[in-house]
Number of protein chains: 2
Amino acid sequence: MKIIITVLLSITAIAAPSKKPDVATLMAAAQSSDWRALDPENTLYLELAQGRVIIEMSPEFAPQHVANVKALAREKYWDGLAIVRVQDNYVVQWADPNTEKPDKKRAIKNAKANLPAEFDVALDPKLQFTALTDKDAYASETGFYNGFAAGRDKKTKKQWLLHCYGYVGAGRDNSPDSGGGAELYAVIGHAPRHLDRNVTLFGRVIQGIDLLSSLPRGKGKMGFYEKPEQNIPIRSIRVAADVPEKERTQLEILRTDTKLFKDLLEARRNRQEEWFHFRVGRIEACNVPVAVREKK
Amino acid sequence: MKIIITVLLSITAIAAPSKKPDVATLMAAAQSSDWRALDPENTLYLELAQGRVIIEMSPEFAPQHVANVKALAREKYWDGLAIVRVQDNYVVQWADPNTEKPDKKRAIKNAKANLPAEFDVALDPKLQFTALTDKDAYASETGFYNGFAAGRDKKTKKQWLLHCYGYVGAGRDNSPDSGGGAELYAVIGHAPRHLDRNVTLFGRVIQGIDLLSSLPRGKGKMGFYEKPEQNIPIRSIRVAADVPEKERTQLEILRTDTKLFKDLLEARRNRQEEWFHFRVGRIEACNVPVAVREKK
């Protein structure tokens, strides 16, 4: 038995490098069917002086929050508001700087001020979920649905988005139902997975997260800016469908329900590039980038 | 049986909030014996126009690299060199911008240009390792030694540092023994744990990582700055022991071999703060901050 194992291992060791493609080789062989378009109805443009931050929203995981964020964008709620908090290795948060001043704060017109929590939703067995076989520190099962990193629990029959780098959620107070989408945050550090199922995630930044992550850190408690002039003004937030087509950023996202994506997962579990000497054989959902490219 | 479980669960649900302390309560009760001093011989000051970045080094995990980095600092190798790469959600790297130009690059005098890899070291059972009981995506066991997040493998009898946010390593080319410490990097994004055991980590930033993580991202390949004038100049790197005492930053680090630290781990597994509604019961090594304070 021992000899057979040794022989098999030797064969694998010799044969593997030439047989298994690396990430770059796999990506170079991607077909147009491996990519999907963005739905402009579920895409947000956060416009800053620094540039455009593009957020893809997931109505499957947070239908009410996605609808309300769109309603807020459509009433131009955020225009002229600001990024008020940049906490290192944690989150960037944007909101009405006068939100604690009832006489000065911006009124919400048509959208809702508060929503029921959507920390998780009922597990939908019809979703094309690409499950990871790997261990995860926080969830019994993780994987990808339509480009989004998600967790599932077959016992409780729940599914939820993961707090990976760039993921976007709706801030709330202590009450679970105190969020609504007017105050939003994006993760700019190591995945704070302890927030999973504690706050509603509804999207992820697919382009421009570097514009948020390189902002000066706030020196106040929890990274809030201490002086109003430090706030980073928001020019506007728009639903891409409401922006003239020629002003839209035309992007495509790598599909995560394909053989190619599964091959990419395997190439990340066991990195084939010459630089790597130790192949760990494992991958973590928040360490899997989902490629974005300009539309061809 | 079912009734007993239900009753027990109910008691837990009612009793728990008042019985278990949260992180802030635990930290407020910390004693002076829960803190330790920094060893100035194993502390580096990276001086930028933006401020001082303080790195604690771990000779237990990378003795040759720590010794060589100190030798490089002592011959003032980095003075006037630069941060040349800032890749979003990955690393900041500093080096000689002329490293590819043999006639222009800075000579290494007393230190070594290359070192044998120290990707992992022999497991030392005498180290006071505070092991986590939680699952980890990448390692069979993780925990803390003297403030450093580390992995262990009792089968291969190896231990190594983890690529958590702020951890500092020595860049290398494809050969494992091509690093040496002249080109260094710090993690500024989600922990790239696939690098564990593939490159030598020797320290971690304990203050000032925000000065690195908020730098403009490089637009070149792998986040390198494209123009020399974009490079961020390094004023100097010094071993703290070589800096006059009154110019040193006097810090203390929370010990990780104490009952307090174990209690903190538990308080992070099951967050007691009112804001949290879902207690996941798990923690990941890279999601455990090790507190730093000014020396009292």
# chains A, B, ... in the order shown; residues from 1 in each chain; ligands from 1
call {"tool": "residues_around", "arguments": {"residues": "segment 259-273 of chain B", "least_positions_apart": "4", "cutoff": "6 Å", "atoms": "only C-alpha atoms", "output": "number ranges by chain"}}
result
B: 22-23, 279, 281-283
call {"tool": "residues_around", "arguments": {"residues": "segment 154-156 of chain A", "least_positions_apart": "4", "cutoff": "9 Å", "atoms": "only C-alpha atoms", "output": "list in words"}}
result
Ala122, Leu123, Ser140 and Glu141 of chain A
call {"tool": "write_last_selection", "arguments": {"atoms": "N, CA, C and O atoms", "output": "short mmCIF file (atom, residue, chain, number, x, y, z; two decimals), in the first residue's frame"}}
result
data_model
loop_
_atom_site.label_atom_id
_atom_site.label_comp_id
_atom_site.auth_asym_id
_atom_site.auth_seq_id
_atom_site.Cartn_x
_atom_site.Cartn_y
_atom_site.Cartn_z
N ALA A 122 -34.46 33.20 2.81
CA ALA A 122 -34.73 31.76 2.68
C ALA A 122 -33.85 31.17 1.59
O ALA A 122 -33.70 31.75 0.51
N LEU A 123 -33.25 30.03 1.88
CA LEU A 123 -32.40 29.35 0.90
C LEU A 123 -33.25 29.00 -0.33
O LEU A 123 -34.31 28.38 -0.20
N SER A 140 -21.15 27.19 7.47
CA SER A 140 -21.10 25.76 7.20
C SER A 140 -20.87 25.49 5.72
O SER A 140 -20.29 24.47 5.35
N GLU A 141 -21.28 26.42 4.87
CA GLU A 141 -21.04 26.28 3.43
C GLU A 141 -20.94 27.66 2.80
O GLU A 141 -21.73 28.55 3.13
#
call {"tool": "residues_around", "arguments": {"residues": "segment 62-70 of chain A", "least_positions_apart": "4", "cutoff": "7 Å", "atoms": "only C-alpha atoms", "output": "PyMOL selection string"}}
result
chain A and resi 57-58+74+111-112+118+180-181+202+239
call {"tool": "closest_residue", "arguments": {"among": "A:Pro244, A:Phe276, A:Ile232, A:Gly171", "to": "Gly80 of chain A", "atoms": "only C-alpha atoms"}}
result
A:Ile232
call {"tool": "select_by_dssp", "arguments": {"residues": "segment 26-255 of chain B", "states": "strand (DSSP E)", "output": "VMD selection string"}}
result
chain B and resid 35 to 37 43 to 48 51 to 57 82 to 86 91 to 95 121 to 122 129 to 131 141 to 145 148 to 153 158 to 161 167 to 170 184 to 187 200 to 207 232 to 239 251 to 254
call {"tool": "interface_residues", "arguments": {"of": "chain B", "to": "chain A", "cutoff": "7 Å", "atoms": "only C-alpha atoms", "output": "NGL selection string"}}
result
:B and (88 or 134-138 or 165 or 174 or 189-192 or 194 or 197-198 or 210 or 213-217 or 274-278 or 280 or 282-284 or 287)
call {"tool": "write_last_selection", "arguments": {"atoms": "N, CA and C atoms", "output": "short mmCIF file (atom, residue, chain, number, x, y, z; two decimals), in the first residue's frame"}}
result
data_model
loop_
_atom_site.label_atom_id
_atom_site.label_comp_id
_atom_site.auth_asym_id
_atom_site.auth_seq_id
_atom_site.Cartn_x
_atom_site.Cartn_y
_atom_site.Cartn_z
N ASP B 88 -4.10 47.59 -4.63
CA ASP B 88 -5.31 47.59 -3.82
C ASP B 88 -5.67 46.18 -3.35
N ASP B 134 -11.11 27.04 16.55
CA ASP B 134 -12.00 27.28 15.41
C ASP B 134 -11.42 26.73 14.12
N LYS B 135 -12.29 26.46 13.18
CA LYS B 135 -11.86 26.04 11.85
C LYS B 135 -11.13 27.19 11.16
N ASP B 136 -10.23 26.84 10.27
CA ASP B 136 -9.54 27.84 9.46
C ASP B 136 -9.54 27.33 8.02
N ALA B 137 -9.71 28.25 7.08
CA ALA B 137 -9.79 27.83 5.68
C ALA B 137 -8.47 27.25 5.19
N TYR B 138 -7.34 27.69 5.74
CA TYR B 138 -6.05 27.37 5.14
C TYR B 138 -5.14 26.46 5.96
N TYR B 165 -3.73 41.10 7.77
CA TYR B 165 -3.61 42.55 7.52
C TYR B 165 -2.45 43.12 8.34
N ASN B 174 11.32 33.96 -8.23
CA ASN B 174 10.79 32.60 -8.27
C ASN B 174 11.56 31.61 -7.38
N GLY B 189 -4.80 44.48 2.64
CA GLY B 189 -6.12 44.07 2.18
C GLY B 189 -6.54 42.79 2.87
N HIS B 190 -7.54 42.15 2.29
CA HIS B 190 -7.98 40.86 2.83
C HIS B 190 -6.80 39.90 2.87
N ALA B 191 -6.67 39.20 3.97
CA ALA B 191 -5.51 38.33 4.18
C ALA B 191 -5.25 37.41 2.99
N PRO B 192 -4.13 37.58 2.29
CA PRO B 192 -3.80 36.71 1.15
C PRO B 192 -3.12 35.43 1.64
N HIS B 194 -3.06 32.49 0.74
CA HIS B 194 -2.40 31.59 -0.20
C HIS B 194 -0.90 31.87 -0.26
N ARG B 197 3.52 30.32 3.79
CA ARG B 197 4.51 29.26 3.52
C ARG B 197 5.08 29.33 2.11
N ASN B 198 4.80 30.44 1.42
CA ASN B 198 5.37 30.65 0.10
C ASN B 198 6.35 31.81 0.08
N ASP B 210 -2.28 52.51 8.65
CA ASP B 210 -3.16 53.40 7.88
C ASP B 210 -2.36 54.36 7.00
N SER B 213 -1.87 52.02 4.02
CA SER B 213 -3.07 51.55 3.33
C SER B 213 -3.83 52.67 2.64
N SER B 214 -3.58 53.93 3.02
CA SER B 214 -4.29 55.04 2.38
C SER B 214 -3.47 55.69 1.27
N LEU B 215 -2.33 55.12 0.94
CA LEU B 215 -1.53 55.67 -0.16
C LEU B 215 -2.24 55.48 -1.50
N PRO B 216 -1.98 56.37 -2.45
CA PRO B 216 -2.58 56.19 -3.78
C PRO B 216 -2.18 54.84 -4.38
N ARG B 217 -3.11 54.18 -5.02
CA ARG B 217 -2.81 52.90 -5.66
C ARG B 217 -2.00 53.13 -6.93
N GLU B 274 -24.83 44.90 22.32
CA GLU B 274 -26.27 44.95 22.02
C GLU B 274 -26.52 44.96 20.51
N TRP B 275 -25.59 45.52 19.76
CA TRP B 275 -25.78 45.66 18.32
C TRP B 275 -25.89 44.31 17.62
N PHE B 276 -25.16 43.30 18.18
CA PHE B 276 -25.11 42.00 17.51
C PHE B 276 -26.36 41.18 17.81
N HIS B 277 -26.94 40.61 16.76
CA HIS B 277 -28.12 39.77 16.94
C HIS B 277 -27.83 38.32 16.62
N PHE B 278 -26.84 38.08 15.78
CA PHE B 278 -26.48 36.72 15.43
C PHE B 278 -25.07 36.46 15.96
N VAL B 280 -22.10 34.06 15.88
CA VAL B 280 -21.68 32.97 15.02
C VAL B 280 -20.94 31.88 15.80
N ARG B 282 -17.74 31.61 16.29
CA ARG B 282 -16.46 31.27 15.66
C ARG B 282 -15.63 32.53 15.49
N ILE B 283 -14.34 32.33 15.37
CA ILE B 283 -13.45 33.45 15.12
C ILE B 283 -12.33 32.97 14.23
N GLU B 284 -11.77 33.92 13.47
CA GLU B 284 -10.67 33.62 12.55
C GLU B 284 -9.45 34.40 13.03
N ASN B 287 -8.92 37.93 12.14
CA ASN B 287 -9.96 38.86 12.59
C ASN B 287 -9.86 39.17 14.07
#
call {"tool": "residues_around", "arguments": {"residues": "Leu38 of chain A", "least_positions_apart": "5", "cutoff": "10 Å", "atoms": "only C-alpha atoms", "output": "tab-separated table (two decimals) with N, CA and C atoms, in the first residue's frame"}}
result
chain	number	residue	atom	x	y	z
A	43	THR	N	-27.48	48.25	-11.02
A	43	THR	CA	-26.13	48.80	-10.94
A	43	THR	C	-26.21	50.25	-10.47
A	56	GLU	N	-22.61	46.64	-7.97
A	56	GLU	CA	-23.64	45.74	-8.47
A	56	GLU	C	-24.50	45.29	-7.29
A	57	MET	N	-25.81	45.35	-7.47
A	57	MET	CA	-26.73	44.98	-6.39
A	57	MET	C	-27.31	43.60	-6.64
A	240	ALA	N	-27.72	52.93	-12.87
A	240	ALA	CA	-27.12	53.01	-14.20
A	240	ALA	C	-28.18	53.12	-15.29
A	249	THR	N	-20.69	53.07	-17.88
A	249	THR	CA	-19.47	52.28	-17.97
A	249	THR	C	-19.88	50.88	-18.39
A	250	GLN	N	-19.41	50.45	-19.53
A	250	GLN	CA	-19.85	49.17	-20.08
A	250	GLN	C	-18.93	48.06	-19.58
A	251	LEU	N	-19.44	47.28	-18.67
A	251	LEU	CA	-18.62	46.22	-18.06
A	251	LEU	C	-19.28	44.86	-18.22
A	252	GLU	N	-18.44	43.85	-18.16
A	252	GLU	CA	-18.93	42.47	-18.09
A	252	GLU	C	-18.30	41.79	-16.88
A	253	ILE	N	-19.02	40.84	-16.32
A	253	ILE	CA	-18.58	40.12	-15.13
A	253	ILE	C	-18.38	38.66	-15.51
A	295	LYS	N	-16.74	45.83	-21.64
A	295	LYS	CA	-17.58	45.07	-22.56
A	295	LYS	C	-16.95	45.06	-23.93
call {"tool": "select_by_dssp", "arguments": {"residues": "segment 4-116 of chain B", "states": "alpha helix (DSSP H)", "output": "PDB file with N, CA, C and O atoms, in the first residue's frame"}}
result
ATOM      1  N   ILE B   4     -35.700  19.020  27.503  1.00  0.00           N
ATOM      2  CA  ILE B   4     -34.529  19.471  28.287  1.00  0.00           C
ATOM      3  C   ILE B   4     -33.689  20.445  27.478  1.00  0.00           C
ATOM      4  O   ILE B   4     -33.283  21.489  27.949  1.00  0.00           O
ATOM      5  N   ILE B   5     -33.472  20.074  26.212  1.00  0.00           N
ATOM      6  CA  ILE B   5     -32.666  20.966  25.369  1.00  0.00           C
ATOM      7  C   ILE B   5     -33.331  22.324  25.257  1.00  0.00           C
ATOM      8  O   ILE B   5     -32.706  23.364  25.388  1.00  0.00           O
ATOM      9  N   THR B   6     -34.630  22.299  25.072  1.00  0.00           N
ATOM     10  CA  THR B   6     -35.359  23.561  24.934  1.00  0.00           C
ATOM     11  C   THR B   6     -35.205  24.407  26.187  1.00  0.00           C
ATOM     12  O   THR B   6     -34.911  25.593  26.123  1.00  0.00           O
ATOM     13  N   VAL B   7     -35.371  23.752  27.326  1.00  0.00           N
ATOM     14  CA  VAL B   7     -35.250  24.482  28.593  1.00  0.00           C
ATOM     15  C   VAL B   7     -33.847  25.058  28.741  1.00  0.00           C
ATOM     16  O   VAL B   7     -33.661  26.226  29.055  1.00  0.00           O
ATOM     17  N   LEU B   8     -32.859  24.214  28.470  1.00  0.00           N
ATOM     18  CA  LEU B   8     -31.482  24.684  28.597  1.00  0.00           C
ATOM     19  C   LEU B   8     -31.208  25.854  27.678  1.00  0.00           C
ATOM     20  O   LEU B   8     -30.591  26.836  28.062  1.00  0.00           O
ATOM     21  N   LEU B   9     -31.705  25.744  26.458  1.00  0.00           N
ATOM     22  CA  LEU B   9     -31.498  26.832  25.501  1.00  0.00           C
ATOM     23  C   LEU B   9     -32.133  28.117  26.013  1.00  0.00           C
ATOM     24  O   LEU B   9     -31.573  29.191  25.898  1.00  0.00           O
ATOM     25  N   SER B  10     -33.310  27.961  26.604  1.00  0.00           N
ATOM     26  CA  SER B  10     -34.008  29.141  27.101  1.00  0.00           C
ATOM     27  C   SER B  10     -33.227  29.798  28.228  1.00  0.00           C
ATOM     28  O   SER B  10     -33.062  31.005  28.275  1.00  0.00           O
ATOM     29  N   ILE B  11     -32.717  28.966  29.121  1.00  0.00           N
ATOM     30  CA  ILE B  11     -31.937  29.517  30.240  1.00  0.00           C
ATOM     31  C   ILE B  11     -30.717  30.263  29.700  1.00  0.00           C
ATOM     32  O   ILE B  11     -30.426  31.379  30.097  1.00  0.00           O
ATOM     33  N   THR B  12     -30.048  29.615  28.747  1.00  0.00           N
ATOM     34  CA  THR B  12     -28.869  30.254  28.158  1.00  0.00           C
ATOM     35  C   THR B  12     -29.246  31.590  27.538  1.00  0.00           C
ATOM     36  O   THR B  12     -28.578  32.595  27.735  1.00  0.00           O
ATOM     37  N   ALA B  13     -30.334  31.567  26.815  1.00  0.00           N
ATOM     38  CA  ALA B  13     -30.730  32.778  26.095  1.00  0.00           C
ATOM     39  C   ALA B  13     -31.029  33.925  27.060  1.00  0.00           C
ATOM     40  O   ALA B  13     -30.717  35.078  26.793  1.00  0.00           O
ATOM     41  N   ILE B  14     -31.595  33.582  28.192  1.00  0.00           N
ATOM     42  CA  ILE B  14     -31.927  34.643  29.141  1.00  0.00           C
ATOM     43  C   ILE B  14     -30.700  35.060  29.948  1.00  0.00           C
ATOM     44  O   ILE B  14     -30.440  36.225  30.153  1.00  0.00           O
ATOM     45  N   ALA B  15     -29.938  34.040  30.349  1.00  0.00           N
ATOM     46  CA  ALA B  15     -28.855  34.327  31.286  1.00  0.00           C
ATOM     47  C   ALA B  15     -27.623  34.915  30.613  1.00  0.00           C
ATOM     48  O   ALA B  15     -26.911  35.712  31.211  1.00  0.00           O
ATOM     49  N   ALA B  16     -27.383  34.526  29.368  1.00  0.00           N
ATOM     50  CA  ALA B  16     -26.101  34.854  28.753  1.00  0.00           C
ATOM     51  C   ALA B  16     -25.769  36.347  28.722  1.00  0.00           C
ATOM     52  O   ALA B  16     -24.679  36.727  29.127  1.00  0.00           O
ATOM     53  N   PRO B  17     -26.691  37.184  28.286  1.00  0.00           N
ATOM     54  CA  PRO B  17     -26.298  38.582  28.102  1.00  0.00           C
ATOM     55  C   PRO B  17     -25.735  39.227  29.365  1.00  0.00           C
ATOM     56  O   PRO B  17     -24.809  40.019  29.309  1.00  0.00           O
ATOM     57  N   SER B  18     -26.273  38.865  30.518  1.00  0.00           N
ATOM     58  CA  SER B  18     -25.812  39.512  31.746  1.00  0.00           C
ATOM     59  C   SER B  18     -24.548  38.852  32.294  1.00  0.00           C
ATOM     60  O   SER B  18     -23.845  39.423  33.102  1.00  0.00           O
ATOM     61  N   LYS B  19     -24.247  37.649  31.840  1.00  0.00           N
ATOM     62  CA  LYS B  19     -23.124  36.911  32.429  1.00  0.00           C
ATOM     63  C   LYS B  19     -21.813  37.102  31.681  1.00  0.00           C
ATOM     64  O   LYS B  19     -20.757  37.129  32.281  1.00  0.00           O
ATOM     65  N   VAL B  23     -16.180  42.817  24.723  1.00  0.00           N
ATOM     66  CA  VAL B  23     -14.767  43.146  24.506  1.00  0.00           C
ATOM     67  C   VAL B  23     -14.367  44.387  25.311  1.00  0.00           C
ATOM     68  O   VAL B  23     -13.331  44.398  25.990  1.00  0.00           O
ATOM     69  N   ALA B  24     -15.193  45.418  25.253  1.00  0.00           N
ATOM     70  CA  ALA B  24     -14.844  46.671  25.942  1.00  0.00           C
ATOM     71  C   ALA B  24     -14.743  46.463  27.447  1.00  0.00           C
ATOM     72  O   ALA B  24     -13.841  46.996  28.104  1.00  0.00           O
ATOM     73  N   THR B  25     -15.675  45.666  28.004  1.00  0.00           N
ATOM     74  CA  THR B  25     -15.660  45.404  29.444  1.00  0.00           C
ATOM     75  C   THR B  25     -14.394  44.647  29.835  1.00  0.00           C
ATOM     76  O   THR B  25     -13.744  44.957  30.837  1.00  0.00           O
ATOM     77  N   LEU B  26     -14.033  43.664  29.029  1.00  0.00           N
ATOM     78  CA  LEU B  26     -12.814  42.894  29.304  1.00  0.00           C
ATOM     79  C   LEU B  26     -11.584  43.791  29.234  1.00  0.00           C
ATOM     80  O   LEU B  26     -10.705  43.735  30.102  1.00  0.00           O
ATOM     81  N   MET B  27     -11.525  44.631  28.205  1.00  0.00           N
ATOM     82  CA  MET B  27     -10.347  45.490  28.037  1.00  0.00           C
ATOM     83  C   MET B  27     -10.240  46.497  29.182  1.00  0.00           C
ATOM     84  O   MET B  27      -9.132  46.830  29.633  1.00  0.00           O
ATOM     85  N   ALA B  28     -11.389  46.965  29.651  1.00  0.00           N
ATOM     86  CA  ALA B  28     -11.373  47.943  30.749  1.00  0.00           C
ATOM     87  C   ALA B  28     -10.823  47.315  32.027  1.00  0.00           C
ATOM     88  O   ALA B  28     -10.290  48.014  32.888  1.00  0.00           O
ATOM     89  N   PRO B  63      14.431  33.962  12.034  1.00  0.00           N
ATOM     90  CA  PRO B  63      15.632  34.529  12.674  1.00  0.00           C
ATOM     91  C   PRO B  63      16.614  35.163  11.704  1.00  0.00           C
ATOM     92  O   PRO B  63      17.145  36.237  11.985  1.00  0.00           O
ATOM     93  N   GLN B  64      16.837  34.529  10.568  1.00  0.00           N
ATOM     94  CA  GLN B  64      17.834  35.079   9.637  1.00  0.00           C
ATOM     95  C   GLN B  64      17.324  36.355   8.968  1.00  0.00           C
ATOM     96  O   GLN B  64      18.097  37.297   8.739  1.00  0.00           O
ATOM     97  N   HIS B  65      16.034  36.377   8.652  1.00  0.00           N
ATOM     98  CA  HIS B  65      15.494  37.589   8.031  1.00  0.00           C
ATOM     99  C   HIS B  65      15.473  38.758   9.016  1.00  0.00           C
ATOM    100  O   HIS B  65      15.786  39.890   8.642  1.00  0.00           O
ATOM    101  N   VAL B  66      15.112  38.492  10.256  1.00  0.00           N
ATOM    102  CA  VAL B  66      15.113  39.584  11.250  1.00  0.00           C
ATOM    103  C   VAL B  66      16.533  40.128  11.400  1.00  0.00           C
ATOM    104  O   VAL B  66      16.757  41.343  11.389  1.00  0.00           O
ATOM    105  N   ALA B  67      17.507  39.229  11.503  1.00  0.00           N
ATOM    106  CA  ALA B  67      18.898  39.680  11.654  1.00  0.00           C
ATOM    107  C   ALA B  67      19.342  40.491  10.443  1.00  0.00           C
ATOM    108  O   ALA B  67      20.010  41.526  10.580  1.00  0.00           O
ATOM    109  N   ASN B  68      18.948  40.058   9.252  1.00  0.00           N
ATOM    110  CA  ASN B  68      19.409  40.763   8.051  1.00  0.00           C
ATOM    111  C   ASN B  68      18.695  42.096   7.854  1.00  0.00           C
ATOM    112  O   ASN B  68      19.309  43.071   7.406  1.00  0.00           O
ATOM    113  N   VAL B  69      17.412  42.140   8.186  1.00  0.00           N
ATOM    114  CA  VAL B  69      16.681  43.404   8.089  1.00  0.00           C
ATOM    115  C   VAL B  69      17.303  44.420   9.051  1.00  0.00           C
ATOM    116  O   VAL B  69      17.478  45.600   8.712  1.00  0.00           O
ATOM    117  N   LYS B  70      17.691  43.966  10.231  1.00  0.00           N
ATOM    118  CA  LYS B  70      18.361  44.857  11.181  1.00  0.00           C
ATOM    119  C   LYS B  70      19.717  45.320  10.623  1.00  0.00           C
ATOM    120  O   LYS B  70      20.074  46.499  10.740  1.00  0.00           O
ATOM    121  N   ALA B  71      20.440  44.400  10.006  1.00  0.00           N
ATOM    122  CA  ALA B  71      21.735  44.773   9.414  1.00  0.00           C
ATOM    123  C   ALA B  71      21.534  45.797   8.296  1.00  0.00           C
ATOM    124  O   ALA B  71      22.297  46.770   8.179  1.00  0.00           O
ATOM    125  N   LEU B  72      20.487  45.607   7.487  1.00  0.00           N
ATOM    126  CA  LEU B  72      20.193  46.569   6.416  1.00  0.00           C
ATOM    127  C   LEU B  72      19.828  47.935   7.012  1.00  0.00           C
ATOM    128  O   LEU B  72      20.295  48.982   6.533  1.00  0.00           O
ATOM    129  N   ALA B  73      18.998  47.928   8.042  1.00  0.00           N
ATOM    130  CA  ALA B  73      18.620  49.191   8.680  1.00  0.00           C
ATOM    131  C   ALA B  73      19.859  49.876   9.244  1.00  0.00           C
ATOM    132  O   ALA B  73      20.005  51.101   9.149  1.00  0.00           O
ATOM    133  N   ARG B  74      20.767  49.078   9.802  1.00  0.00           N
ATOM    134  CA  ARG B  74      21.948  49.663  10.465  1.00  0.00           C
ATOM    135  C   ARG B  74      22.964  50.200   9.469  1.00  0.00           C
ATOM    136  O   ARG B  74      23.784  51.045   9.815  1.00  0.00           O
TER     137      ARG B  74
END
call {"tool": "residues_around", "arguments": {"residues": "Lys76 of chain A", "least_positions_apart": "5", "cutoff": "12 Å", "atoms": "only C-alpha atoms", "output": "JSON, numbers by chain"}}
result
{"A": [46, 69, 70, 71, 81, 106, 107, 108, 109, 110, 111, 182, 234, 235, 236, 237, 238, 239, 242]}
call {"tool": "atom_distance", "arguments": {"atom1": "atom CA of Trp94 of chain A", "atom2": "atom CA of Gly51 of chain B"}}
result
26.9 Å
